[in-house]
>>> print(open('final_6.pdb').read())   # PDB, C-alpha atoms
ATOM      1  CA  MET A 232       0.000   0.000   0.000  1.00  0.00           C
ATOM      2  CA  ILE A 233       2.783   2.508   0.913  1.00  0.00           C
ATOM      3  CA  THR A 234       5.238   2.953  -1.943  1.00  0.00           C
ATOM      4  CA  LYS A 235       8.548   4.710  -1.371  1.00  0.00           C
ATOM      5  CA  LEU A 236       9.369   6.899  -4.357  1.00  0.00           C
ATOM      6  CA  LYS A 237      12.762   7.914  -5.704  1.00  0.00           C
ATOM      7  CA  ASN A 238      13.748  11.472  -4.837  1.00  0.00           C
ATOM      8  CA  PRO A 239      15.283  13.343  -7.804  1.00  0.00           C
ATOM      9  CA  PHE A 240      17.485  15.475  -5.506  1.00  0.00           C
ATOM     10  CA  SER A 241      17.372  18.043  -8.290  1.00  0.00           C
ATOM     11  CA  ARG A 242      17.928  21.786  -8.053  1.00  0.00           C
ATOM     12  CA  GLN A 243      14.121  22.087  -8.117  1.00  0.00           C
ATOM     13  CA  TYR A 244      13.834  19.770  -5.103  1.00  0.00           C
ATOM     14  CA  GLU A 245      16.524  21.656  -3.178  1.00  0.00           C
ATOM     15  CA  ASP A 246      14.837  25.001  -3.924  1.00  0.00           C
ATOM     16  CA  VAL A 247      11.458  23.772  -2.631  1.00  0.00           C
ATOM     17  CA  LYS A 248      13.045  22.220   0.453  1.00  0.00           C
ATOM     18  CA  ASP A 249      15.061  25.370   1.199  1.00  0.00           C
ATOM     19  CA  LEU A 250      11.942  27.533   0.826  1.00  0.00           C
ATOM     20  CA  PHE A 251       9.660  25.486   3.087  1.00  0.00           C
ATOM     21  CA  THR A 252      12.266  25.018   5.802  1.00  0.00           C
ATOM     22  CA  SER A 253      13.157  28.724   5.851  1.00  0.00           C
ATOM     23  CA  SER A 254      11.507  31.705   7.507  1.00  0.00           C
ATOM     24  CA  MET A 255      10.246  32.958   4.120  1.00  0.00           C
ATOM     25  CA  ILE A 256       6.926  31.091   4.265  1.00  0.00           C
ATOM     26  CA  GLN A 257       3.782  32.487   5.826  1.00  0.00           C
ATOM     27  CA  TRP A 258       2.071  29.797   7.923  1.00  0.00           C
ATOM     28  CA  THR A 259      -1.531  29.528   9.115  1.00  0.00           C
ATOM     29  CA  ASN A 260      -2.493  27.901  12.410  1.00  0.00           C
ATOM     30  CA  ASN A 261      -4.863  24.936  11.945  1.00  0.00           C
ATOM     31  CA  ARG A 262      -6.367  22.120  13.950  1.00  0.00           C
ATOM     32  CA  SER A 263      -6.358  18.691  12.362  1.00  0.00           C
ATOM     33  CA  GLY A 264      -9.643  17.106  11.598  1.00  0.00           C
ATOM     34  CA  GLY A 265      -9.120  16.413   7.926  1.00  0.00           C
ATOM     35  CA  SER A 266     -12.011  15.617   5.689  1.00  0.00           C
ATOM     36  CA  TYR A 267     -14.074  12.713   6.866  1.00  0.00           C
ATOM     37  CA  ALA A 268     -12.181  12.336  10.131  1.00  0.00           C
ATOM     38  CA  ASP A 269     -13.775  10.311  12.895  1.00  0.00           C
ATOM     39  CA  GLU A 270     -15.118  12.841  15.401  1.00  0.00           C
ATOM     40  CA  ASN A 271     -14.838  10.194  18.147  1.00  0.00           C
ATOM     41  CA  CYS A 272     -11.103   9.742  17.602  1.00  0.00           C
ATOM     42  CA  VAL A 273     -10.148  11.326  20.936  1.00  0.00           C
ATOM     43  CA  ASP A 274     -11.962   8.516  22.736  1.00  0.00           C
ATOM     44  CA  ASP A 275     -10.070   5.990  20.622  1.00  0.00           C
ATOM     45  CA  GLY A 276      -6.462   6.924  21.479  1.00  0.00           C
ATOM     46  CA  HIS A 277      -6.115   9.648  18.838  1.00  0.00           C
ATOM     47  CA  GLU A 278      -6.326  13.414  19.017  1.00  0.00           C
ATOM     48  CA  PHE A 279      -6.911  16.415  16.796  1.00  0.00           C
ATOM     49  CA  ILE A 280      -3.392  17.785  16.415  1.00  0.00           C
ATOM     50  CA  PRO A 281      -2.793  21.487  15.805  1.00  0.00           C
ATOM     51  CA  PHE A 282      -0.433  22.271  12.950  1.00  0.00           C
ATOM     52  CA  LEU A 283       0.874  25.110  10.828  1.00  0.00           C
ATOM     53  CA  SER A 284      -0.143  25.065   7.203  1.00  0.00           C
ATOM     54  CA  HIS A 285       0.745  26.783   3.956  1.00  0.00           C
ATOM     55  CA  ALA A 286      -2.021  25.916   1.490  1.00  0.00           C
ATOM     56  CA  LEU A 287      -0.721  25.988  -2.059  1.00  0.00           C
ATOM     57  CA  LEU A 288      -3.829  24.478  -3.682  1.00  0.00           C
ATOM     58  CA  THR A 289      -7.021  24.409  -1.602  1.00  0.00           C
ATOM     59  CA  ARG A 290      -9.096  21.260  -1.416  1.00  0.00           C
ATOM     60  CA  PRO A 291     -12.006  21.089  -3.885  1.00  0.00           C
ATOM     61  CA  GLU A 292     -14.505  20.455  -1.086  1.00  0.00           C
ATOM     62  CA  MET A 293     -14.268  24.137  -0.125  1.00  0.00           C
ATOM     63  CA  TYR A 294     -15.576  25.669  -3.387  1.00  0.00           C
ATOM     64  CA  GLY A 295     -16.433  22.709  -5.598  1.00  0.00           C
ATOM     65  CA  PHE A 296     -13.018  23.005  -7.284  1.00  0.00           C
ATOM     66  CA  SER A 297      -9.400  23.487  -6.211  1.00  0.00           C
ATOM     67  CA  VAL A 298      -8.058  27.055  -5.994  1.00  0.00           C
ATOM     68  CA  GLN A 299      -4.487  28.329  -6.159  1.00  0.00           C
ATOM     69  CA  ASN A 300      -3.665  29.857  -2.794  1.00  0.00           C
ATOM     70  CA  SER A 301       0.071  30.529  -3.008  1.00  0.00           C
ATOM     71  CA  GLN A 302       2.501  32.120  -5.405  1.00  0.00           C
ATOM     72  CA  PHE A 303       4.714  29.062  -4.873  1.00  0.00           C
ATOM     73  CA  LEU A 304       2.200  26.613  -6.396  1.00  0.00           C
ATOM     74  CA  PRO A 305       3.821  26.432  -9.887  1.00  0.00           C
ATOM     75  CA  MET A 306       7.226  25.729  -8.337  1.00  0.00           C
ATOM     76  CA  VAL A 307       5.834  22.877  -6.222  1.00  0.00           C
ATOM     77  CA  VAL A 308       3.706  21.433  -9.047  1.00  0.00           C
ATOM     78  CA  ASN A 309       6.815  21.308 -11.255  1.00  0.00           C
ATOM     79  CA  LEU A 310       8.612  19.365  -8.519  1.00  0.00           C
ATOM     80  CA  LEU A 311       5.668  16.991  -8.019  1.00  0.00           C
ATOM     81  CA  MET A 312       5.544  16.303 -11.762  1.00  0.00           C
ATOM     82  CA  GLU A 313       9.296  15.665 -11.785  1.00  0.00           C
ATOM     83  CA  ILE A 314       8.892  13.145  -8.929  1.00  0.00           C
ATOM     84  CA  LEU A 315       5.896  11.433 -10.536  1.00  0.00           C
ATOM     85  CA  GLU A 316       7.623  11.166 -13.930  1.00  0.00           C
ATOM     86  CA  LEU A 317      10.834   9.821 -12.349  1.00  0.00           C
ATOM     87  CA  ASN A 318       8.753   7.117 -10.646  1.00  0.00           C
ATOM     88  CA  GLY A 319       6.551   6.196 -13.631  1.00  0.00           C
ATOM     89  CA  LYS A 320       3.402   7.615 -12.015  1.00  0.00           C
ATOM     90  CA  THR A 321       2.231   9.786 -14.920  1.00  0.00           C
ATOM     91  CA  PRO A 322       0.131  10.944 -16.653  1.00  0.00           C
ATOM     92  CA  VAL A 323      -1.546  13.017 -13.972  1.00  0.00           C
ATOM     93  CA  LYS A 324      -5.140  14.054 -14.586  1.00  0.00           C
ATOM     94  CA  CYS A 325      -5.108  16.784 -11.911  1.00  0.00           C
ATOM     95  CA  PHE A 326      -3.933  17.814  -8.478  1.00  0.00           C
ATOM     96  CA  HIS A 327      -6.740  18.208  -5.939  1.00  0.00           C
ATOM     97  CA  ARG A 328      -4.850  19.616  -2.949  1.00  0.00           C
ATOM     98  CA  ILE A 329      -1.270  20.618  -2.155  1.00  0.00           C
ATOM     99  CA  ASN A 330      -0.218  21.752   1.309  1.00  0.00           C
ATOM    100  CA  ALA A 331       2.946  22.250   3.309  1.00  0.00           C
ATOM    101  CA  ASN A 332       2.449  21.356   6.979  1.00  0.00           C
ATOM    102  CA  ILE A 333       4.478  21.637  10.164  1.00  0.00           C
ATOM    103  CA  THR A 334       3.522  19.538  13.166  1.00  0.00           C
ATOM    104  CA  PHE A 335       5.101  19.700  16.602  1.00  0.00           C
ATOM    105  CA  PRO A 336       5.199  17.423  19.651  1.00  0.00           C
ATOM    106  CA  THR A 337       1.950  17.455  21.615  1.00  0.00           C
ATOM    107  CA  GLU A 338       1.313  17.149  25.329  1.00  0.00           C
ATOM    108  CA  LYS A 339      -0.366  13.739  25.019  1.00  0.00           C
ATOM    109  CA  MET A 340       1.768  12.547  22.063  1.00  0.00           C
ATOM    110  CA  LEU A 341      -1.244  10.656  20.683  1.00  0.00           C
ATOM    111  CA  PRO A 342      -1.522  10.058  16.939  1.00  0.00           C
ATOM    112  CA  SER A 343      -3.718  12.274  14.784  1.00  0.00           C
ATOM    113  CA  GLU A 344      -7.232  11.271  13.847  1.00  0.00           C
ATOM    114  CA  PRO A 345      -7.625   8.484  11.264  1.00  0.00           C
ATOM    115  CA  HIS A 346      -8.959  10.005   8.041  1.00  0.00           C
ATOM    116  CA  ILE A 347      -9.067  10.035   4.280  1.00  0.00           C
ATOM    117  CA  ASP A 348      -8.497  13.264   2.388  1.00  0.00           C
ATOM    118  CA  HIS A 349     -11.318  13.147  -0.187  1.00  0.00           C
ATOM    119  CA  GLN A 350     -14.411  11.049  -0.842  1.00  0.00           C
ATOM    120  CA  PHE A 351     -13.440  10.400  -4.473  1.00  0.00           C
ATOM    121  CA  PRO A 352     -10.620   8.443  -6.137  1.00  0.00           C
ATOM    122  CA  HIS A 353      -7.180   9.973  -5.596  1.00  0.00           C
ATOM    123  CA  GLU A 354      -3.607   9.239  -4.580  1.00  0.00           C
ATOM    124  CA  ASN A 355      -1.633  10.784  -1.707  1.00  0.00           C
ATOM    125  CA  MET A 356       2.013  11.821  -1.803  1.00  0.00           C
ATOM    126  CA  LEU A 357       4.069  12.936   1.199  1.00  0.00           C
ATOM    127  CA  ILE A 358       7.479  14.577   0.957  1.00  0.00           C
ATOM    128  CA  TYR A 359       9.378  14.693   4.258  1.00  0.00           C
ATOM    129  CA  LEU A 360      11.543  17.838   4.331  1.00  0.00           C
ATOM    130  CA  THR A 361      12.971  17.403   7.855  1.00  0.00           C
ATOM    131  CA  ASN A 362      14.361  14.533   9.888  1.00  0.00           C
ATOM    132  CA  LYS A 363      12.081  14.892  12.922  1.00  0.00           C
ATOM    133  CA  GLY A 364      10.271  11.551  12.715  1.00  0.00           C
ATOM    134  CA  GLY A 365       6.537  11.464  13.107  1.00  0.00           C
ATOM    135  CA  THR A 366       5.557   8.092  11.703  1.00  0.00           C
ATOM    136  CA  THR A 367       2.868   7.809   9.074  1.00  0.00           C
ATOM    137  CA  VAL A 368       0.366   4.964   9.391  1.00  0.00           C
ATOM    138  CA  VAL A 369      -1.638   3.802   6.370  1.00  0.00           C
ATOM    139  CA  GLY A 370      -4.001   0.955   7.143  1.00  0.00           C
ATOM    140  CA  ASP A 371      -1.809  -1.560   8.987  1.00  0.00           C
ATOM    141  CA  GLU A 372       1.478  -0.242   7.554  1.00  0.00           C
ATOM    142  CA  VAL A 373       3.769   2.007   9.591  1.00  0.00           C
ATOM    143  CA  TYR A 374       6.280   4.216   7.802  1.00  0.00           C
ATOM    144  CA  GLU A 375       9.222   5.692   9.738  1.00  0.00           C
ATOM    145  CA  PRO A 376      10.206   8.720   7.635  1.00  0.00           C
ATOM    146  CA  LYS A 377      13.652  10.132   7.156  1.00  0.00           C
ATOM    147  CA  GLU A 378      14.525  13.524   5.733  1.00  0.00           C
ATOM    148  CA  ASP A 379      14.047  13.624   1.929  1.00  0.00           C
ATOM    149  CA  ASP A 380      11.847  10.497   1.834  1.00  0.00           C
ATOM    150  CA  ILE A 381       8.863  10.543  -0.503  1.00  0.00           C
ATOM    151  CA  ILE A 382       5.961   8.111  -0.270  1.00  0.00           C
ATOM    152  CA  CYS A 383       2.628   7.634  -1.974  1.00  0.00           C
ATOM    153  CA  PHE A 384      -0.412   5.542  -1.130  1.00  0.00           C
ATOM    154  CA  PRO A 385      -3.992   5.061  -2.324  1.00  0.00           C
ATOM    155  CA  GLY A 386      -6.173   7.954  -1.236  1.00  0.00           C
ATOM    156  CA  GLN A 387      -9.060   5.808  -0.049  1.00  0.00           C
ATOM    157  CA  SER A 388      -6.791   4.302   2.612  1.00  0.00           C
ATOM    158  CA  ILE A 389      -7.410   5.475   6.165  1.00  0.00           C
ATOM    159  CA  HIS A 390      -4.232   7.075   7.464  1.00  0.00           C
ATOM    160  CA  TYR A 391      -2.848   9.166  10.333  1.00  0.00           C
ATOM    161  CA  MET A 392       0.443  10.373  11.762  1.00  0.00           C
ATOM    162  CA  HIS A 393       2.245  10.408  15.071  1.00  0.00           C
ATOM    163  CA  PRO A 394       3.614  13.776  16.202  1.00  0.00           C
ATOM    164  CA  PRO A 395       7.396  14.168  16.177  1.00  0.00           C
ATOM    165  CA  LYS A 396       9.188  13.707  19.488  1.00  0.00           C
ATOM    166  CA  THR A 397      11.118  16.985  19.055  1.00  0.00           C
ATOM    167  CA  GLY A 398      11.096  19.971  16.715  1.00  0.00           C
ATOM    168  CA  GLY A 399       8.915  20.613  13.704  1.00  0.00           C
ATOM    169  CA  ARG A 400       8.032  17.883  11.194  1.00  0.00           C
ATOM    170  CA  VAL A 401       7.774  19.649   7.821  1.00  0.00           C
ATOM    171  CA  ILE A 402       6.070  17.845   4.946  1.00  0.00           C
ATOM    172  CA  ILE A 403       4.450  18.603   1.640  1.00  0.00           C
ATOM    173  CA  VAL A 404       1.274  16.647   1.052  1.00  0.00           C
ATOM    174  CA  ALA A 405      -0.353  16.402  -2.358  1.00  0.00           C
ATOM    175  CA  THR A 406      -3.491  14.631  -3.466  1.00  0.00           C
ATOM    176  CA  TYR A 407      -3.794  13.906  -7.148  1.00  0.00           C
ATOM    177  CA  GLU A 408      -5.525  11.758  -9.721  1.00  0.00           C
ATOM    178  CA  THR A 409      -3.852   9.833 -12.506  1.00  0.00           C
ATOM    179  CA  VAL A 410      -5.380   9.167 -15.902  1.00  0.00           C
ATOM    180  CA  ASN A 411      -5.270   5.373 -15.429  1.00  0.00           C
TER     181      ASN A 411
END
>>> encode(input="final_6.pdb", output="structure tokens")
Amino acid sequence: MITKLKNPFSRQYEDVKDLFTSSMIQWTNNRSGGSYADENCVDDGHEFIPFLSHALLTRPEMYGFSVQNSQFLPMVVNLLMEILELNGKTPVKCFHRINANITFPTEKMLPSEPHIDHQFPHENMLIYLTNKGGTTVVGDEVYEPKEDDIICFPGQSIHYMHPPKTGGRVIIVATYETVN
């Protein structure tokens, strides 16, 4: 279910990584509770985890279609396409949502709420820009990320993350649809 993708380590990748791990990005404070999250998750050993977000492409559930929300969207889309092409994951029909997120340790250190991102067919990609940990769980699979790892998994898979033990876990998350 979880597929580790090859990282191109290109100039484009380094530019995106440098940007989103710098102080140049404007972040918005959010509380997790992604689309279709289980509202009873706190009673089930999970919690809604606050995080900082830089929305590049807003989710289509907000307006009925995705909307560019950042001047950095073209730069990130070019990188995502480079990654997908390198890994034989093209052609891409469309991107539905692209976000950069920072999560921090929490008081309870419980995992985030189990959720799926959209109620329609899609794929998820995560790019880990820091080496702070924060495992990703997809179904029964646990992924221990390292800096510069990239994974993808089917979008209809229930998934969640554990907060990092220290520092800020910076990722880029993209949901997309392929032609096949």
>>> atom_distance(input="final_6.pdb", atom1="CA of Val308 in chain A", atom2="CA of Gly364 in chain A")
24.8 Å
>>> residues_near_point(input="final_6.pdb", point="(3.2, 30.8, 8.7)", cutoff="10 Å", atoms="all atoms listed in the file", output="PyMOL selection string")
chain A and resi 254-260+283-285+332-333
>>> resolve_selection(input="final_6.pdb", expression="the PyMOL selection byres ((chain A and resi 384) around 10)", output="list in words")
Met232, Ile233, Thr234, Lys235, His353, Glu354, Asn355, Met356, Leu357, Val369, Ile382, Cys383, Pro385, Gly386, Gln387, Ser388, His390 and Thr406 of chain A
>>> closest_residue(input="final_6.pdb", among="A:Glu316, A:Met392, A:Thr289, A:Gly370", to="Leu341 in chain A", atoms="only C-alpha atoms")
A:Met392
>>> resolve_selection(input="final_6.pdb", expression="the PyMOL selection byres ((chain A and resi 404) around 7)", output="NGL selection string")
:A and (329-331 or 356-358 or 402-403 or 405-406)
>>> write_last_selection(input="final_6.pdb", atoms="C-alpha atoms", output="mmCIF file, keeping the file's coordinate frame")
data_model
loop_
_atom_site.group_PDB
_atom_site.id
_atom_site.type_symbol
_atom_site.label_atom_id
_atom_site.label_comp_id
_atom_site.auth_asym_id
_atom_site.auth_seq_id
_atom_site.Cartn_x
_atom_site.Cartn_y
_atom_site.Cartn_z
ATOM 1 C CA ILE A 329 -1.270 20.618 -2.155
ATOM 2 C CA ASN A 330 -0.218 21.752 1.309
ATOM 3 C CA ALA A 331 2.946 22.250 3.309
ATOM 4 C CA MET A 356 2.013 11.821 -1.803
ATOM 5 C CA LEU A 357 4.069 12.936 1.199
ATOM 6 C CA ILE A 358 7.479 14.577 0.957
ATOM 7 C CA ILE A 402 6.070 17.845 4.946
ATOM 8 C CA ILE A 403 4.450 18.603 1.640
ATOM 9 C CA ALA A 405 -0.353 16.402 -2.358
ATOM 10 C CA THR A 406 -3.491 14.631 -3.466
#
>>> residues_near_point(input="final_6.pdb", point="(4.3, 4.9, 16.5)", cutoff="9 Å", atoms="only C-alpha atoms", output="PyMOL selection string")
chain A and resi 342+365-368+373-375+392-394
>>> closest_atom_pairs(input="final_6.pdb", of="range 315-390 of chain A", to="range 290-302 of chain A", cutoff="9 Å", atoms="only C-alpha atoms", output="CSV")
residue,atom,partner,partner_atom,distance
A:Phe326,CA,A:Ser297,CA,8.2
A:His327,CA,A:Ser297,CA,5.9
A:Arg328,CA,A:Arg290,CA,4.8
A:Ile329,CA,A:Arg290,CA,7.9
A:Asp348,CA,A:Arg290,CA,8.9
A:His349,CA,A:Glu292,CA,8.0
>>> residues_around(input="final_6.pdb", residues="Gly399 in chain A", least_positions_apart="3", cutoff="7 Å", atoms="only C-alpha atoms", output="ChimeraX atom specification")
/A:333-335,363
>>> closest_residue(input="final_6.pdb", among="A:Glu338, A:Asp246, A:Glu344, A:Glu313", to="Gly276 in chain A", atoms="only C-alpha atoms")
A:Glu344
>>> closest_residue(input="final_6.pdb", among="A:His346, A:Lys324, A:Lys377, A:Lys339", to="Glu408 in chain A", atoms="only C-alpha atoms")
A:Lys324
>>> atom_distance(input="final_6.pdb", atom1="CA of Cys325 in chain A", atom2="CA of Thr409 in chain A")
7.1 Å
>>> atom_distance(input="final_6.pdb", atom1="CA of Met340 in chain A", atom2="CA of Phe282 in chain A")
13.5 Å
